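What follows is a set of notes on a single structure, which appears directly below.
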Amino acid sequence: LQELIYLSPSYFSPDPTVMKYIDCGKEDFAVIRLSALGMSHDTLLRGLSIKSVIKLVKELNNYIKVFISSEKRLPEELSKFNLNVPPYLIHDALYYSSLFIGETAMAVEAALLGTPTIQVSPVDFRGTPYFYRYGYFRLCHTRGLSKILPSTNVDAIIEEAIRIIRNKHTEKKEQLKRVNNFMNNSIDVATFGAWFIDQFHNMVSKGKFDWEKFYLSMEKSPNRFYIKNEKS
């Protein structure tokens with residue numbers, strides 16, 4: 001997962017000052033992230049409809065403070081739910097939230113930060129959830145870090161969200177346990193990347209890249225790349 005480059009415990013520390021931008025007092029809050037689905041790989045995909053978003057927000061607002069981060073323009077009735085957080089603090093907001101519901105890669109980020117996460121998968125023209133075919137979304141789902149639900153089934157999204165909210169403290173603890181386990185079995189992608197580039201440069205500068213020598217150098221200290229997770 002590329003998100004491990006910047007969200008592993010080795011590099012990310014949450015900044016509590018983000019809370020001054022989030023108007024919830026000491027209440028728990030949830031974040032909903034909406035995608036514009038405007039990229040070329042999003043062609044023919046359908047995300048949550050505005051009608052579904054309105055229903056989702058109205059239902060969840062009975063249980064928890066709700067904020068929306070959206071790539072697309074929202075109707076006036078949803079504008080009061082806008083998450084007014086500086087972009088550089090968005091991961092800190094995700095860290096402190098009790099629930100994340102989203103259509104974008106931010107769902108993977110929220111899950112890795114220890115926030116119970118529902119990945120709302122856009123569906124293709126056949127009605128098939130797209131995220132089941134997308135490597136890192138599927139990985140988070142199969143490892144129990146998040147749950148994939150189709151954008152066409154807002155009732156299921158609401159049901160799962162309410163279940164999480166009603167057990168939010170337990171869910172948060174369990175999510176952190178799953179994340180710690182995942183981190184403890186993952187390499188530090190940034191360290192590995194820097195090492196790989198250095199090895200590649202050194203070998204190429206000598207005339208060729210020796211794959212056998214490359215693998216041998218990895219085997220000498222296989223644990224050097226694993227994340228040092230002090231929270232585990």
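If you're wondering about the labels, chains in the structure tokens are A, B, ... by order shown, residues count from 1 in each chain, ligands from 1 in order shown.
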
Tell me, as a PyMOL selection string, which residues lie within 10 Å of Phe12 in chain A, counting only C-alpha atoms; anything in the same chain fewer than 5 positions away does not count.
chain A and resi 4-7+91-92+113

Could you list, as a PyMOL selection string, every residue within 7 Å of range 147-155 of chain A, counting only C-alpha atoms and ignoring same-chain residues fewer than 5 positions away?
chain A and resi 47-48+52+56+117-123+129+141

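Using only C-alpha atoms, the contacts of Val189 in chain A at a cut-off of 8 Å, with sequence neighbours closer than 2 positions omitted, comprise Gln2, Leu4, Ile5, Ile187, Thr191, Phe192, Gly193 and Phe225 of chain A.
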
Could you turn the residues from that selection into a file that holds N, CA, C and O atoms, as a PDB file, in the first residue's frame?
ATOM      1  N   GLN A   2       0.663   2.139  -0.963  1.00  0.00           N
ATOM      2  CA  GLN A   2       1.454   3.364  -1.022  1.00  0.00           C
ATOM      3  C   GLN A   2       1.184   4.266   0.175  1.00  0.00           C
ATOM      4  O   GLN A   2       2.035   5.073   0.579  1.00  0.00           O
ATOM      5  N   LEU A   4       1.223   3.532   3.143  1.00  0.00           N
ATOM      6  CA  LEU A   4       2.150   3.228   4.228  1.00  0.00           C
ATOM      7  C   LEU A   4       3.391   4.119   4.178  1.00  0.00           C
ATOM      8  O   LEU A   4       4.115   4.240   5.162  1.00  0.00           O
ATOM      9  N   ILE A   5       3.641   4.742   3.030  1.00  0.00           N
ATOM     10  CA  ILE A   5       4.798   5.623   2.904  1.00  0.00           C
ATOM     11  C   ILE A   5       4.674   6.807   3.858  1.00  0.00           C
ATOM     12  O   ILE A   5       5.645   7.234   4.473  1.00  0.00           O
ATOM     13  N   ILE A 187       6.066  -3.981   5.374  1.00  0.00           N
ATOM     14  CA  ILE A 187       7.372  -3.329   5.311  1.00  0.00           C
ATOM     15  C   ILE A 187       7.206  -1.818   5.357  1.00  0.00           C
ATOM     16  O   ILE A 187       6.130  -1.284   5.076  1.00  0.00           O
ATOM     17  N   THR A 191      11.393   3.322   3.517  1.00  0.00           N
ATOM     18  CA  THR A 191      12.752   2.818   3.723  1.00  0.00           C
ATOM     19  C   THR A 191      13.157   1.877   2.598  1.00  0.00           C
ATOM     20  O   THR A 191      14.271   1.950   2.068  1.00  0.00           O
ATOM     21  N   PHE A 192      12.232   0.990   2.226  1.00  0.00           N
ATOM     22  CA  PHE A 192      12.525   0.056   1.142  1.00  0.00           C
ATOM     23  C   PHE A 192      12.764   0.800  -0.171  1.00  0.00           C
ATOM     24  O   PHE A 192      13.692   0.490  -0.918  1.00  0.00           O
ATOM     25  N   GLY A 193      11.922   1.794  -0.454  1.00  0.00           N
ATOM     26  CA  GLY A 193      12.065   2.550  -1.692  1.00  0.00           C
ATOM     27  C   GLY A 193      13.403   3.257  -1.778  1.00  0.00           C
ATOM     28  O   GLY A 193      14.072   3.237  -2.822  1.00  0.00           O
ATOM     29  N   PHE A 225      13.313  -3.801   6.793  1.00  0.00           N
ATOM     30  CA  PHE A 225      12.277  -3.011   6.139  1.00  0.00           C
ATOM     31  C   PHE A 225      10.938  -3.040   6.871  1.00  0.00           C
ATOM     32  O   PHE A 225      10.013  -2.342   6.489  1.00  0.00           O
TER      33      PHE A 225
END

Backbone DSSP call of alpha helix (DSSP H) for range 11-220 of chain A, listed as a VMD selection string:
chain A and resid 50 to 60 90 to 96 106 to 112 135 to 142 154 to 166 168 to 184 189 to 205 211 to 220

So, counting only C-alpha atoms, which residue among A:Ile158, A:Cys140, A:His169, A:Val18 is closest to Lys58 in chain A?
A:Ile158

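Put simply, CA of Ile32 in chain A is 25.9 Å away from CA of Asn181 in chain A.
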
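Interatomic distance, CA of Leu78 in chain A to CA of Lys20 in chain A: 21.1 Å.
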